[in-house]
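K.L.:
Just dropping this structure here.
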Amino acid sequence: MTTEELTIQQKLIHIQSELKVPKNNFSEYGGYNFRNAEDILKAVKKHNLEHGLLLTLTDVPLFIEGRFYIRATATLTDGKESISIDAYAREAESKSKMDDSQLTGSASSYARKYALQGLYLVDDGIDSDSMNQDEEEPEKTEQEVFFEYFKHYANGVAELTNKPYEEIEANVLGVNTFARIEDVTPDMYAQVIGTVKAMGKRAELQLKERVAEETKAPKPETKKFTWGK
């Protein structure tokens, strides 16, 4: 059967079985690789061309229960039939240091990534070429990794300063103009982690200075001598 004789469903099945999208982006704060929507788009272009398929992406803003969401739709068509997959991403409640367009763009990128992953069955877990056959534990999401690193560093600051974790978290988020840790947008993960790490370094330095001051040996008294005439 030639490519022209295949249905759009059969063409998509072929692409799903052949498509490989390596995780070529590296998160410096998390120490792990990840892929984004642009990586998937780059990888599927040649497959879509080979099978005569057109991929389009559209975004629709939605207001649900007081929050803004972006619904991204990935649509694949052969000119006669089409297949569409939707995915959603919520805009952050706090604006941090981004303007409105950047907030929407960040949510759009995330929604599009998951719409594309759903359409092409791109697994967001461990890459097949690096998977240990004896271990099938799924890879953590980028947000889960961020939460773990944040809590690790924030707990360290709390121990150094003898302050509750909640106070440290609130201070770090406040500096970056976020109300809750859940509101931190992916493009701000590295900056927030940088803030809490810098806070930890300052606390460690202050602690060392206090210890040095407390353990400093008292200066010996200068003896007074009478030398006579």
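Note on naming: chains are A, B, ... as they come in the structure tokens, residues start from 1 per chain, ligands start from 1 in the order shown.
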Identify all residues of segment 136-166 of chain A in helix (DSSP H, G or I) (DSSP on the backbone) and supply them as a PyMOL selection string.
P.N.:
chain A and resi 142-161+165-166
K.L.:
Would you mind exporting N, CA and C atoms of the selected residues as a short mmCIF file (atom, residue, chain, number, x, y, z; two decimals), in the first residue's frame?
P.N.:
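After the write, out_1.cif holds the following:
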```cif
data_model
loop_
_atom_site.label_atom_id
_atom_site.label_comp_id
_atom_site.auth_asym_id
_atom_site.auth_seq_id
_atom_site.Cartn_x
_atom_site.Cartn_y
_atom_site.Cartn_z
N GLU A 142 8.98 18.43 35.06
CA GLU A 142 9.85 19.57 35.34
C GLU A 142 9.39 20.29 36.61
N GLN A 143 8.08 20.39 36.81
CA GLN A 143 7.57 21.08 37.99
C GLN A 143 7.89 20.29 39.25
N GLU A 144 7.76 18.97 39.20
CA GLU A 144 8.07 18.14 40.37
C GLU A 144 9.54 18.27 40.75
N VAL A 145 10.41 18.29 39.76
CA VAL A 145 11.84 18.46 40.03
C VAL A 145 12.10 19.83 40.65
N PHE A 146 11.43 20.85 40.13
CA PHE A 146 11.58 22.20 40.69
C PHE A 146 11.16 22.23 42.15
N PHE A 147 10.00 21.63 42.47
CA PHE A 147 9.53 21.60 43.85
C PHE A 147 10.56 20.94 44.77
N GLU A 148 11.13 19.82 44.32
CA GLU A 148 12.09 19.09 45.15
C GLU A 148 13.35 19.92 45.41
N TYR A 149 13.88 20.54 44.37
CA TYR A 149 15.08 21.36 44.54
C TYR A 149 14.79 22.57 45.42
N PHE A 150 13.64 23.19 45.21
CA PHE A 150 13.29 24.36 46.02
C PHE A 150 13.20 23.99 47.49
N LYS A 151 12.50 22.92 47.80
CA LYS A 151 12.34 22.51 49.20
C LYS A 151 13.67 22.11 49.82
N HIS A 152 14.53 21.48 49.02
CA HIS A 152 15.85 21.08 49.53
C HIS A 152 16.65 22.31 49.96
N TYR A 153 16.73 23.30 49.07
CA TYR A 153 17.51 24.50 49.39
C TYR A 153 16.83 25.35 50.46
N ALA A 154 15.51 25.46 50.41
CA ALA A 154 14.79 26.27 51.39
C ALA A 154 14.92 25.65 52.79
N ASN A 155 14.89 24.33 52.89
CA ASN A 155 15.08 23.68 54.18
C ASN A 155 16.49 23.93 54.71
N GLY A 156 17.46 23.98 53.80
CA GLY A 156 18.83 24.28 54.21
C GLY A 156 18.95 25.67 54.78
N VAL A 157 18.28 26.65 54.14
CA VAL A 157 18.29 28.02 54.66
C VAL A 157 17.60 28.08 56.01
N ALA A 158 16.50 27.35 56.15
CA ALA A 158 15.76 27.34 57.41
C ALA A 158 16.63 26.82 58.56
N GLU A 159 17.43 25.79 58.28
CA GLU A 159 18.31 25.24 59.31
C GLU A 159 19.42 26.22 59.68
N LEU A 160 19.96 26.89 58.66
CA LEU A 160 21.06 27.84 58.91
C LEU A 160 20.59 29.06 59.70
N THR A 161 19.36 29.50 59.43
CA THR A 161 18.85 30.73 60.05
C THR A 161 17.97 30.46 61.27
N TYR A 165 10.44 26.87 57.75
CA TYR A 165 10.50 26.71 56.29
C TYR A 165 9.51 27.64 55.60
N GLU A 166 8.31 27.76 56.17
CA GLU A 166 7.27 28.58 55.56
C GLU A 166 7.71 30.03 55.38
#
```
K.L.:
Write out as CSV a residue-level contact list of segment 20-69 of chain A versus segment 104-128 of chain A with cut-off 12 Å: for each qualifying residue the closest pair of atoms and the distance in Å to one decimal, counting only C-alpha atoms, rows sorted by chain and residue number upward.
P.N.:
```
residue,atom,partner,partner_atom,distance
A:Lys20,CA,A:Val122,CA,8.0
A:Val21,CA,A:Val122,CA,7.5
A:Pro22,CA,A:Asp127,CA,7.5
A:Lys23,CA,A:Asp127,CA,8.1
A:Asn24,CA,A:Asp127,CA,11.4
A:Tyr32,CA,A:Ile126,CA,11.0
A:Asn33,CA,A:Ile126,CA,10.1
A:Phe34,CA,A:Asp124,CA,8.6
A:Arg35,CA,A:Asp124,CA,8.4
A:Asn36,CA,A:Lys113,CA,6.0
A:Ala37,CA,A:Lys113,CA,4.2
A:Glu38,CA,A:Lys113,CA,8.0
A:Asp39,CA,A:Lys113,CA,9.1
A:Ile40,CA,A:Leu116,CA,7.2
A:Leu41,CA,A:Leu116,CA,8.1
A:Lys42,CA,A:Leu116,CA,11.6
A:Ala43,CA,A:Tyr120,CA,10.7
A:Val44,CA,A:Tyr120,CA,8.7
A:His47,CA,A:Tyr120,CA,11.0
A:Asn48,CA,A:Tyr120,CA,11.1
A:Leu55,CA,A:Leu116,CA,9.8
A:Thr56,CA,A:Leu116,CA,10.2
A:Leu57,CA,A:Arg112,CA,7.4
A:Thr58,CA,A:Arg112,CA,8.5
A:Asp59,CA,A:Ser108,CA,7.0
A:Val60,CA,A:Ser108,CA,9.1
A:Pro61,CA,A:Thr104,CA,8.6
A:Leu62,CA,A:Thr104,CA,11.2
A:Phe68,CA,A:Thr104,CA,8.9
A:Tyr69,CA,A:Ala107,CA,7.6
```
K.L.:
If you keep N, CA and C atoms, can you produce a file of those selected residues as a PDB file, in the first residue's frame?
P.N.:
```pdb
ATOM      1  N   LYS A  20      11.192  10.256  16.721  1.00  0.00           N
ATOM      2  CA  LYS A  20      12.091  10.331  17.872  1.00  0.00           C
ATOM      3  C   LYS A  20      12.358  11.807  18.152  1.00  0.00           C
ATOM      4  N   VAL A  21      12.131  12.212  19.391  1.00  0.00           N
ATOM      5  CA  VAL A  21      12.375  13.601  19.789  1.00  0.00           C
ATOM      6  C   VAL A  21      13.277  13.590  21.015  1.00  0.00           C
ATOM      7  N   PRO A  22      14.570  13.654  20.813  1.00  0.00           N
ATOM      8  CA  PRO A  22      15.499  13.619  21.964  1.00  0.00           C
ATOM      9  C   PRO A  22      15.350  14.849  22.843  1.00  0.00           C
ATOM     10  N   LYS A  23      15.734  14.697  24.089  1.00  0.00           N
ATOM     11  CA  LYS A  23      15.692  15.813  25.044  1.00  0.00           C
ATOM     12  C   LYS A  23      17.031  16.537  24.996  1.00  0.00           C
ATOM     13  N   ASN A  24      17.119  17.516  24.107  1.00  0.00           N
ATOM     14  CA  ASN A  24      18.385  18.210  23.883  1.00  0.00           C
ATOM     15  C   ASN A  24      18.567  19.465  24.724  1.00  0.00           C
ATOM     16  N   TYR A  32      18.926  18.024  34.548  1.00  0.00           N
ATOM     17  CA  TYR A  32      18.250  17.022  33.735  1.00  0.00           C
ATOM     18  C   TYR A  32      17.960  17.604  32.352  1.00  0.00           C
ATOM     19  N   ASN A  33      17.730  16.710  31.383  1.00  0.00           N
ATOM     20  CA  ASN A  33      17.407  17.115  30.023  1.00  0.00           C
ATOM     21  C   ASN A  33      15.898  17.130  29.823  1.00  0.00           C
ATOM     22  N   PHE A  34      15.433  17.987  28.922  1.00  0.00           N
ATOM     23  CA  PHE A  34      14.010  18.042  28.631  1.00  0.00           C
ATOM     24  C   PHE A  34      13.797  18.483  27.192  1.00  0.00           C
ATOM     25  N   ARG A  35      12.584  18.297  26.684  1.00  0.00           N
ATOM     26  CA  ARG A  35      12.222  18.744  25.342  1.00  0.00           C
ATOM     27  C   ARG A  35      11.110  19.771  25.439  1.00  0.00           C
ATOM     28  N   ASN A  36      10.969  20.614  24.444  1.00  0.00           N
ATOM     29  CA  ASN A  36       9.885  21.591  24.410  1.00  0.00           C
ATOM     30  C   ASN A  36       9.103  21.461  23.108  1.00  0.00           C
ATOM     31  N   ALA A  37       8.121  22.334  22.920  1.00  0.00           N
ATOM     32  CA  ALA A  37       7.265  22.249  21.735  1.00  0.00           C
ATOM     33  C   ALA A  37       8.073  22.422  20.455  1.00  0.00           C
ATOM     34  N   GLU A  38       9.056  23.326  20.479  1.00  0.00           N
ATOM     35  CA  GLU A  38       9.861  23.574  19.289  1.00  0.00           C
ATOM     36  C   GLU A  38      10.630  22.331  18.858  1.00  0.00           C
ATOM     37  N   ASP A  39      11.093  21.527  19.828  1.00  0.00           N
ATOM     38  CA  ASP A  39      11.809  20.293  19.504  1.00  0.00           C
ATOM     39  C   ASP A  39      10.897  19.313  18.769  1.00  0.00           C
ATOM     40  N   ILE A  40       9.656  19.208  19.238  1.00  0.00           N
ATOM     41  CA  ILE A  40       8.706  18.286  18.599  1.00  0.00           C
ATOM     42  C   ILE A  40       8.375  18.764  17.193  1.00  0.00           C
ATOM     43  N   LEU A  41       8.137  20.065  17.040  1.00  0.00           N
ATOM     44  CA  LEU A  41       7.812  20.615  15.722  1.00  0.00           C
ATOM     45  C   LEU A  41       8.942  20.367  14.725  1.00  0.00           C
ATOM     46  N   LYS A  42      10.163  20.564  15.161  1.00  0.00           N
ATOM     47  CA  LYS A  42      11.309  20.345  14.288  1.00  0.00           C
ATOM     48  C   LYS A  42      11.404  18.891  13.855  1.00  0.00           C
ATOM     49  N   ALA A  43      11.103  17.972  14.775  1.00  0.00           N
ATOM     50  CA  ALA A  43      11.236  16.541  14.482  1.00  0.00           C
ATOM     51  C   ALA A  43      10.127  16.017  13.570  1.00  0.00           C
ATOM     52  N   VAL A  44       8.917  16.590  13.643  1.00  0.00           N
ATOM     53  CA  VAL A  44       7.786  16.035  12.875  1.00  0.00           C
ATOM     54  C   VAL A  44       7.690  16.600  11.465  1.00  0.00           C
ATOM     55  N   HIS A  47       8.450  14.108   8.685  1.00  0.00           N
ATOM     56  CA  HIS A  47       7.469  13.025   8.660  1.00  0.00           C
ATOM     57  C   HIS A  47       6.151  13.505   8.056  1.00  0.00           C
ATOM     58  N   ASN A  48       5.725  14.697   8.438  1.00  0.00           N
ATOM     59  CA  ASN A  48       4.489  15.240   7.874  1.00  0.00           C
ATOM     60  C   ASN A  48       4.629  15.456   6.370  1.00  0.00           C
ATOM     61  N   LEU A  55       0.162  20.158   9.624  1.00  0.00           N
ATOM     62  CA  LEU A  55      -0.027  20.356  11.067  1.00  0.00           C
ATOM     63  C   LEU A  55      -0.273  21.835  11.345  1.00  0.00           C
ATOM     64  N   THR A  56      -1.302  22.134  12.112  1.00  0.00           N
ATOM     65  CA  THR A  56      -1.557  23.507  12.544  1.00  0.00           C
ATOM     66  C   THR A  56      -1.747  23.539  14.054  1.00  0.00           C
ATOM     67  N   LEU A  57      -1.370  24.671  14.648  1.00  0.00           N
ATOM     68  CA  LEU A  57      -1.522  24.881  16.084  1.00  0.00           C
ATOM     69  C   LEU A  57      -2.335  26.149  16.312  1.00  0.00           C
ATOM     70  N   THR A  58      -3.317  26.062  17.181  1.00  0.00           N
ATOM     71  CA  THR A  58      -4.132  27.231  17.506  1.00  0.00           C
ATOM     72  C   THR A  58      -4.274  27.338  19.017  1.00  0.00           C
ATOM     73  N   ASP A  59      -4.424  28.576  19.496  1.00  0.00           N
ATOM     74  CA  ASP A  59      -4.603  28.841  20.917  1.00  0.00           C
ATOM     75  C   ASP A  59      -5.918  29.584  21.146  1.00  0.00           C
ATOM     76  N   VAL A  60      -6.579  29.234  22.257  1.00  0.00           N
ATOM     77  CA  VAL A  60      -7.799  29.934  22.644  1.00  0.00           C
ATOM     78  C   VAL A  60      -7.710  30.253  24.133  1.00  0.00           C
ATOM     79  N   PRO A  61      -7.807  31.532  24.520  1.00  0.00           N
ATOM     80  CA  PRO A  61      -7.804  31.875  25.950  1.00  0.00           C
ATOM     81  C   PRO A  61      -9.167  31.583  26.573  1.00  0.00           C
ATOM     82  N   LEU A  62      -9.155  31.036  27.776  1.00  0.00           N
ATOM     83  CA  LEU A  62     -10.387  30.712  28.493  1.00  0.00           C
ATOM     84  C   LEU A  62     -10.317  31.294  29.897  1.00  0.00           C
ATOM     85  N   PHE A  68      -7.160  32.493  34.166  1.00  0.00           N
ATOM     86  CA  PHE A  68      -7.019  32.413  32.722  1.00  0.00           C
ATOM     87  C   PHE A  68      -6.269  31.140  32.336  1.00  0.00           C
ATOM     88  N   TYR A  69      -6.810  30.454  31.336  1.00  0.00           N
ATOM     89  CA  TYR A  69      -6.201  29.253  30.793  1.00  0.00           C
ATOM     90  C   TYR A  69      -5.970  29.447  29.296  1.00  0.00           C
TER      91      TYR A  69
END
```
K.L.:
Rounded to one decimal, what separation in Å do you get between atom CA of Phe178 of chain A and atom CA of Glu65 of chain A?
P.N.:
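For atom CA of Phe178 of chain A relative to atom CA of Glu65 of chain A, the distance reads 19.6 Å.
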K.L.:
By how many Å are atom CA of Asp187 of chain A and atom CA of Ile64 of chain A apart?
P.N.:
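Going from atom CA of Asp187 of chain A over to atom CA of Ile64 of chain A, I get 23.3 Å.
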K.L.:
Report the distance between atom CA of Leu19 of chain A and atom CA of Gly79 of chain A in Å, rounded to one decimal place.
P.N.:
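Computed distance, atom CA of Leu19 of chain A to atom CA of Gly79 of chain A, equals 21.9 Å.
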K.L.:
What residues in segment 6-217 of chain A get the DSSP label strand (DSSP E)? Please answer as a PyMOL selection string.
P.N.:
chain A and resi 25-27+32-34+54-64+67-77+82-90
K.L.:
So, with only C-alpha atoms as the atoms that count, which of A:Met188, A:Arg67, A:Ser17, A:Gly52 lies closest to Glu5 of chain A?
P.N.:
A:Gly52
K.L.:
With distances taken over only C-alpha atoms, which residue among A:Asn25, A:Ser84, A:Asn162, A:Thr7 lies nearest Glu204 of chain A?
P.N.:
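Answer, going by the shortest atom-to-atom distance: A:Asn162.
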